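Chemist: Let me give you the structure first, and then I'll get to my questions.
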Amino acid sequence: MAYRRLIAGLTALVIVLFGASLLIGPAAIGLGESLAALLGLSGSAEATILVMQEIRLPRAILGLTIGASLGLSGAALQGYLRNPLAEPGLIGVSASAALGAVLAIYTGLSAAFPLALPLSALAGAVVAVMLLLALAGRGADTLTLILAGVALSALAGALTSLALNLSPNPFAALEIVFWLLGALTDRSMLHVVLAVPFMAVGWLLLAGLGRGLDALALGEEAAASLGVRLDWLRLAVVLGTAASVGAATAVAGAIGFVGLVVPHLLRPLVGGRPSRLLLASALGGAAMLLAADIAVRIVTPGQELKLGVLTALVGAPFFLWLILNRRRSLA
Amino acid sequence: MTRLVLEGLSVVLAGRRVLEPVDLTVAPGECVGLIGPNGAGKSTLMRAALGLLAAEGRSSLTTLPRRERARRAAWLPQAREIAWGMCVEEIVALGRTPHRLPGAPLSAADRDAVTHAMAATDVTAFAARDATRLSGGEQARVLLARALAQEAPILLADEPVAGLDPAHQIAAMEVFAAHAGAGGLVVTALHDLGLAARWCTRLLLLDAGRIVADGPPAAVLTQERLATVYGIEAHIAEAGDGLIVQPLTRVAAREITEGAA
């Protein structure tokens, strides 16, 4: 069965890339040595253990989980809105989480203790969700949700620009700009422990939506007449995306294009069915982000390219190619 | 025995009463044609009966839990939406949603229902094709098959034959007649008075949010009613096997008042 093969193939790809992410880095460590250090076996050099367990492992875990969050929520949002242009940033939660992080840098809070920045970003995401639900909560339609998301993104973007504008010194401004680009460098296990539970809650909320999203392919009225609770579906999409992408943005900054491109790329391979796209897209997102994070280490080892820069740099032309390809196949 | 019972069902949208209180009972075996000019309240009546619109009064469907309601009544909306490039068979299989547990594969009964529904609307030939690449009329038949696959005793359809070629219009009406004949009941909004006259066992004529006539086609479709409700003149004839109604010209408002005077 084509779907099972696709899932098996993507799973294998994610496993290989996860392994590669653990093995590739500026510190040249042999394969056997790496594995021994990763497991903390006696005989490994202390520095090697430190590199493997404290630097590469959290980075690989975050690449995997953030990629999966972006892919999954992108697929769920596109399915819910029945619009291939939807991406996780659409509901304004990533922009608000970014604003939270920027405020932490701006106020100097981020220097006070290690988790100040991601916690502040998470707070930004939570505020965004509450505003979103107040604006587009009960009984609101899809269009209201999109408009509320666009308004929230614009507001958070404006406040981020304001923080940059008023930043006390050029170093703070530079730090803000660099953080906004998105990266997985120098993240610790603390970041993993902070972000993964939120992401997992988001995945649980989104993973159960397949049936409702499938029925929605026939439009909202037909889906409702098939027994789908559209109000619950909308709530689960918003909360699931907010929890997973809010947490992802809190620890890695805004990483674009993965949530948009991956569902696009995989949709034809699952026969268009939204329920099947969920798992495929989660795996595809994980694979894409792990691959991109490996690429930034190899391409420019000295000064690492920021992950968000690379995903956009590769993602945008690739997206154009997809569109051209589609046009050709329709013609 | 599944009847559709509406008691005092009425709808107010944005402060305007778009459906006056309706009392209606449709029994199994009936194929009811809902006719009336644009904006008369045909879609509103059906959507309120299904609980898709906030309404006053009672419908025998809205008191049921969602899943049970979806097994009891299938709804074919006027807007023919198919998102994503899913194949025809998968679209039709969506009709099985209320019969399946989340994540469960299609059972033998599900497959049978899908096969029969596709055969009934003549879409089996393109079962594996991308539904979004079909013509409008073909998509309409795929969506009708989806509603049939739901195997609900009550079938409500909003202008299901619009955009179909004559052969498939008749085929669709045959499907409805067969559904009613097999003990189900059908309520369908129609603009084609000829099809309504020929295939429905009962017609409801709506005008400005109220039912102005209810009965067998020959009793509802009279020259006077067509002139006052639609403002048209029609050729109405009794053929051996049913009524023939062919709209001819519009009647100017002035002539109607003159005729009445």
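If you're wondering about the labels, chains in the structure tokens are A, B, ... by order shown, residues count from 1 in each chain, ligands from 1 in order shown.
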Just need the residues of chain A within 12 Å of chain B, counting only C-alpha atoms, so spit them out as a ChimeraX atom specification.

Modeler: /A:78-84,139,207-230,263-264,267-277,329-331

Chemist: Can those selected residues be exported to a file as a short mmCIF file (atom, residue, chain, number, x, y, z; two decimals), in the first residue's frame so that it contains N, CA and C atoms?

Modeler:
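And here's out.cif as it stands now:
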```
data_model
loop_
_atom_site.label_atom_id
_atom_site.label_comp_id
_atom_site.auth_asym_id
_atom_site.auth_seq_id
_atom_site.Cartn_x
_atom_site.Cartn_y
_atom_site.Cartn_z
N GLN A 78 -4.04 23.87 6.90
CA GLN A 78 -4.45 23.86 5.50
C GLN A 78 -5.73 23.04 5.33
N GLY A 79 -5.80 21.92 6.03
CA GLY A 79 -6.99 21.08 5.94
C GLY A 79 -8.21 21.79 6.51
N TYR A 80 -8.03 22.45 7.65
CA TYR A 80 -9.16 23.11 8.29
C TYR A 80 -9.65 24.28 7.44
N LEU A 81 -8.72 25.08 6.94
CA LEU A 81 -9.12 26.26 6.17
C LEU A 81 -9.39 25.93 4.71
N ARG A 82 -9.11 24.71 4.33
CA ARG A 82 -9.24 24.26 2.93
C ARG A 82 -8.53 25.24 2.01
N ASN A 83 -7.35 25.60 2.44
CA ASN A 83 -6.57 26.57 1.68
C ASN A 83 -5.10 26.17 1.73
N PRO A 84 -4.50 25.90 0.56
CA PRO A 84 -3.11 25.44 0.54
C PRO A 84 -2.12 26.54 0.91
N GLY A 139 -18.75 30.40 17.92
CA GLY A 139 -19.69 30.78 16.87
C GLY A 139 -19.09 31.58 15.74
N ALA A 207 -3.55 15.45 16.14
CA ALA A 207 -3.54 14.11 15.56
C ALA A 207 -4.95 13.51 15.47
N GLY A 208 -5.85 13.94 16.36
CA GLY A 208 -7.19 13.36 16.35
C GLY A 208 -8.16 14.01 15.37
N LEU A 209 -7.67 14.92 14.55
CA LEU A 209 -8.58 15.71 13.73
C LEU A 209 -8.84 15.13 12.34
N GLY A 210 -8.13 14.05 12.00
CA GLY A 210 -8.17 13.53 10.63
C GLY A 210 -9.56 13.36 10.06
N ARG A 211 -10.42 12.70 10.83
CA ARG A 211 -11.76 12.40 10.36
C ARG A 211 -12.56 13.68 10.05
N GLY A 212 -12.49 14.63 10.96
CA GLY A 212 -13.19 15.89 10.75
C GLY A 212 -12.64 16.65 9.56
N LEU A 213 -11.31 16.65 9.42
CA LEU A 213 -10.69 17.37 8.30
C LEU A 213 -11.07 16.72 6.96
N ASP A 214 -11.13 15.39 6.94
CA ASP A 214 -11.57 14.69 5.72
C ASP A 214 -12.97 15.14 5.33
N ALA A 215 -13.89 15.13 6.30
CA ALA A 215 -15.28 15.50 6.01
C ALA A 215 -15.36 16.96 5.56
N LEU A 216 -14.47 17.80 6.09
CA LEU A 216 -14.47 19.21 5.71
C LEU A 216 -14.12 19.43 4.24
N ALA A 217 -13.53 18.43 3.61
CA ALA A 217 -13.23 18.55 2.17
C ALA A 217 -14.52 18.80 1.39
N LEU A 218 -15.68 18.45 1.97
CA LEU A 218 -16.97 18.64 1.30
C LEU A 218 -17.61 19.97 1.68
N GLY A 219 -16.90 20.79 2.46
CA GLY A 219 -17.48 22.05 2.90
C GLY A 219 -18.01 21.95 4.32
N GLU A 220 -18.23 23.10 4.95
CA GLU A 220 -18.60 23.11 6.37
C GLU A 220 -19.98 22.50 6.61
N GLU A 221 -20.94 22.82 5.73
CA GLU A 221 -22.30 22.32 5.94
C GLU A 221 -22.36 20.81 5.81
N ALA A 222 -21.72 20.29 4.77
CA ALA A 222 -21.74 18.84 4.57
C ALA A 222 -21.04 18.16 5.74
N ALA A 223 -19.93 18.73 6.20
CA ALA A 223 -19.21 18.13 7.31
C ALA A 223 -20.08 18.12 8.56
N ALA A 224 -20.78 19.23 8.82
CA ALA A 224 -21.65 19.29 10.00
C ALA A 224 -22.76 18.24 9.88
N SER A 225 -23.29 18.06 8.66
CA SER A 225 -24.38 17.09 8.49
C SER A 225 -23.86 15.66 8.62
N LEU A 226 -22.54 15.47 8.50
CA LEU A 226 -21.96 14.14 8.69
C LEU A 226 -21.62 13.88 10.16
N GLY A 227 -21.96 14.84 11.02
CA GLY A 227 -21.78 14.63 12.45
C GLY A 227 -20.51 15.26 13.02
N VAL A 228 -19.80 16.05 12.21
CA VAL A 228 -18.56 16.68 12.69
C VAL A 228 -18.91 17.92 13.51
N ARG A 229 -18.32 18.05 14.69
CA ARG A 229 -18.53 19.26 15.50
C ARG A 229 -17.53 20.31 15.08
N LEU A 230 -17.97 21.26 14.28
CA LEU A 230 -17.04 22.24 13.72
C LEU A 230 -16.46 23.16 14.78
N PRO A 263 3.47 20.20 3.68
CA PRO A 263 2.16 19.64 3.31
C PRO A 263 1.91 19.68 1.80
N HIS A 264 2.38 20.75 1.15
CA HIS A 264 2.25 20.87 -0.29
C HIS A 264 2.92 19.72 -1.02
N ARG A 267 1.15 16.28 -0.20
CA ARG A 267 -0.28 16.10 -0.47
C ARG A 267 -0.55 15.16 -1.64
N PRO A 268 0.13 15.35 -2.79
CA PRO A 268 -0.15 14.44 -3.91
C PRO A 268 0.22 12.99 -3.56
N LEU A 269 1.19 12.81 -2.69
CA LEU A 269 1.65 11.45 -2.39
C LEU A 269 0.69 10.70 -1.48
N VAL A 270 -0.21 11.42 -0.79
CA VAL A 270 -1.19 10.72 0.06
C VAL A 270 -2.58 10.78 -0.56
N GLY A 271 -2.63 11.13 -1.85
CA GLY A 271 -3.91 11.16 -2.53
C GLY A 271 -4.80 12.30 -2.05
N GLY A 272 -4.18 13.35 -1.51
CA GLY A 272 -4.94 14.55 -1.14
C GLY A 272 -5.69 14.45 0.16
N ARG A 273 -5.75 13.26 0.78
CA ARG A 273 -6.63 13.11 1.94
C ARG A 273 -6.03 13.78 3.18
N PRO A 274 -6.74 14.76 3.76
CA PRO A 274 -6.19 15.51 4.89
C PRO A 274 -5.78 14.64 6.08
N SER A 275 -6.54 13.57 6.37
CA SER A 275 -6.21 12.75 7.54
C SER A 275 -4.86 12.06 7.34
N ARG A 276 -4.58 11.63 6.11
CA ARG A 276 -3.32 10.94 5.86
C ARG A 276 -2.15 11.91 5.81
N LEU A 277 -2.48 13.16 5.48
CA LEU A 277 -1.42 14.15 5.36
C LEU A 277 -0.83 14.49 6.74
N SER A 329 1.10 20.99 -14.97
CA SER A 329 0.29 19.77 -14.97
C SER A 329 -1.18 20.08 -15.20
N LEU A 330 -1.59 21.30 -14.87
CA LEU A 330 -3.00 21.68 -15.09
C LEU A 330 -3.22 22.08 -16.54
N ALA A 331 -2.16 22.61 -17.17
CA ALA A 331 -2.31 23.12 -18.54
C ALA A 331 -2.52 21.98 -19.54
#
```

Chemist: Find the spatial neighbours of stretch 103-119 of chain A, counting only C-alpha atoms, within a cut-off of 7 Å - ignore same-chain residues fewer than 4 positions away - and output them as a ChimeraX atom specification.

Modeler: /A:99,123,163,167,172,176,250-251

Chemist: Any chance you could export the current selection's N, CA and C atoms as an mmCIF file, in the first residue's frame?

Modeler:
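As written to disk, selection-v1.cif reads:
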```
data_model
loop_
_atom_site.group_PDB
_atom_site.id
_atom_site.type_symbol
_atom_site.label_atom_id
_atom_site.label_comp_id
_atom_site.auth_asym_id
_atom_site.auth_seq_id
_atom_site.Cartn_x
_atom_site.Cartn_y
_atom_site.Cartn_z
ATOM 1 N N LEU A 99 7.484 38.024 19.634
ATOM 2 C CA LEU A 99 7.430 39.304 20.355
ATOM 3 C C LEU A 99 7.806 39.113 21.822
ATOM 4 N N ALA A 123 4.830 32.968 27.085
ATOM 5 C CA ALA A 123 3.805 33.877 27.605
ATOM 6 C C ALA A 123 3.185 34.657 26.451
ATOM 7 N N ALA A 163 10.206 47.570 19.364
ATOM 8 C CA ALA A 163 11.278 47.196 20.288
ATOM 9 C C ALA A 163 12.646 47.394 19.628
ATOM 10 N N SER A 167 15.494 50.067 20.699
ATOM 11 C CA SER A 167 16.444 49.239 21.439
ATOM 12 C C SER A 167 17.583 50.098 21.981
ATOM 13 N N ALA A 172 21.895 45.023 21.415
ATOM 14 C CA ALA A 172 20.574 44.461 21.705
ATOM 15 C C ALA A 172 19.794 44.297 20.400
ATOM 16 N N ILE A 176 18.406 40.861 18.837
ATOM 17 C CA ILE A 176 16.996 40.664 18.484
ATOM 18 C C ILE A 176 16.881 40.156 17.054
ATOM 19 N N ALA A 250 9.214 29.535 20.674
ATOM 20 C CA ALA A 250 9.814 29.996 21.926
ATOM 21 C C ALA A 250 11.257 29.540 22.067
ATOM 22 N N VAL A 251 11.576 28.350 21.571
ATOM 23 C CA VAL A 251 12.954 27.874 21.735
ATOM 24 C C VAL A 251 13.814 28.045 20.489
#
```

Chemist: Separation of atom CA of A:Leu70 and atom CA of A:Ile146, in Å?

Modeler: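 Spanning atom CA of A:Leu70 to atom CA of A:Ile146 is a straight-line distance of 17.9 Å.
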
Chemist: For stretch 4-19 of chain B, list every protein, DNA or RNA residue within 9 Å, evaluated using only C-alpha atoms, and leave out those in the same chain fewer than 6 positions away; present the list as a count of residues only.

Modeler: 26

Chemist: Can you measure atom CA of A:Met199 to atom CA of A:Leu57 for me? One decimal in Å is fine.

Modeler: 17.6 Å

Chemist: Using only C-alpha atoms, determine which residues lie at most 8 Å from A:Ile294, disregarding the query and same-chain residues fewer than 4 positions distant; provide the list as a list in words.

Modeler: Ala20, Ser21, Ile24, Leu290 and Ile298 of chain A

Chemist: Excluding same-chain residues fewer than 5 positions from stretch 239-242 of chain B, what lies within 12 Å of it counting only C-alpha atoms, as an NGL selection string?

Modeler: :B and (194-201 or 216-218)

Chemist: Give me, as a VMD selection string, all polymer residues having an atom no more than 8 Å from stretch 88-91 of chain A, counting only C-alpha atoms and skipping those fewer than 4 positions away in the same chain.

Modeler: chain A and resid 70 73 to 74 77 95 132 145 to 146 148 to 150 152 to 153 238 241 245 259 to 260

Chemist: Excluding stretch 171-182 of chain B and residues on its chain fewer than 3 positions from it, collect all residues at most 6 Å away from it, counting only C-alpha atoms, and give them as a PDB file with N, CA and C atoms, in the first residue's frame.

Modeler:
```
ATOM      1  N   GLY B  29     -41.640   6.913   2.069  1.00  0.00           N
ATOM      2  CA  GLY B  29     -42.257   6.657   0.775  1.00  0.00           C
ATOM      3  C   GLY B  29     -42.546   7.928   0.007  1.00  0.00           C
ATOM      4  N   GLU B  30     -42.460   9.081   0.677  1.00  0.00           N
ATOM      5  CA  GLU B  30     -42.752  10.328  -0.013  1.00  0.00           C
ATOM      6  C   GLU B  30     -41.486  10.918  -0.633  1.00  0.00           C
ATOM      7  N   CYS B  31     -41.663  11.444  -1.855  1.00  0.00           N
ATOM      8  CA  CYS B  31     -40.588  12.200  -2.477  1.00  0.00           C
ATOM      9  C   CYS B  31     -41.119  13.616  -2.655  1.00  0.00           C
ATOM     10  N   HIS B 168     -28.933  12.689 -16.983  1.00  0.00           N
ATOM     11  CA  HIS B 168     -28.543  12.534 -15.580  1.00  0.00           C
ATOM     12  C   HIS B 168     -29.498  13.234 -14.629  1.00  0.00           C
ATOM     13  N   LEU B 185     -37.361   8.615   2.752  1.00  0.00           N
ATOM     14  CA  LEU B 185     -38.107   9.792   2.343  1.00  0.00           C
ATOM     15  C   LEU B 185     -37.135  10.834   1.821  1.00  0.00           C
TER      16      LEU B 185
END
```

Chemist: Considering only C-alpha atoms, can you say which of B:Val251, B:Leu148, B:Val123, B:Ala162 comes closest to B:Asp110?

Modeler: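 Ranking B:Val251, B:Leu148, B:Val123, B:Ala162 by distance to B:Asp110, first place goes to B:Leu148.
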
Chemist: Name the residues of stretch 158-280 of chain A that come out as helix (DSSP H, G or I) in a backbone DSSP run; write them as JSON, numbers by chain.

Modeler: {"A": [158, 159, 160, 161, 162, 163, 164, 165, 170, 171, 172, 173, 174, 175, 176, 177, 178, 179, 180, 181, 189, 190, 191, 192, 193, 194, 195, 196, 197, 198, 199, 200, 201, 202, 203, 204, 205, 206, 207, 210, 211, 212, 213, 214, 215, 216, 220, 221, 222, 223, 224, 225, 230, 231, 232, 233, 234, 235, 236, 237, 238, 239, 240, 241, 242, 243, 244, 245, 246, 247, 248, 249, 250, 251, 252, 258, 259, 260, 261, 262, 263, 264, 265, 266, 267, 268, 269, 270, 274, 275, 276, 277, 278, 279, 280]}

Chemist: Nearest residue to A:Thr48 out of A:Leu324, A:Glu304, A:Ala27, A:Thr65, using only C-alpha atoms?

Modeler: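 Among the listed residues, the smallest separation from A:Thr48 belongs to A:Ala27.
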
Chemist: Please report the interatomic distance between atom CA of B:Arg111 and atom CA of B:Gly183 in Å with one decimal.

Modeler: 21.9 Å
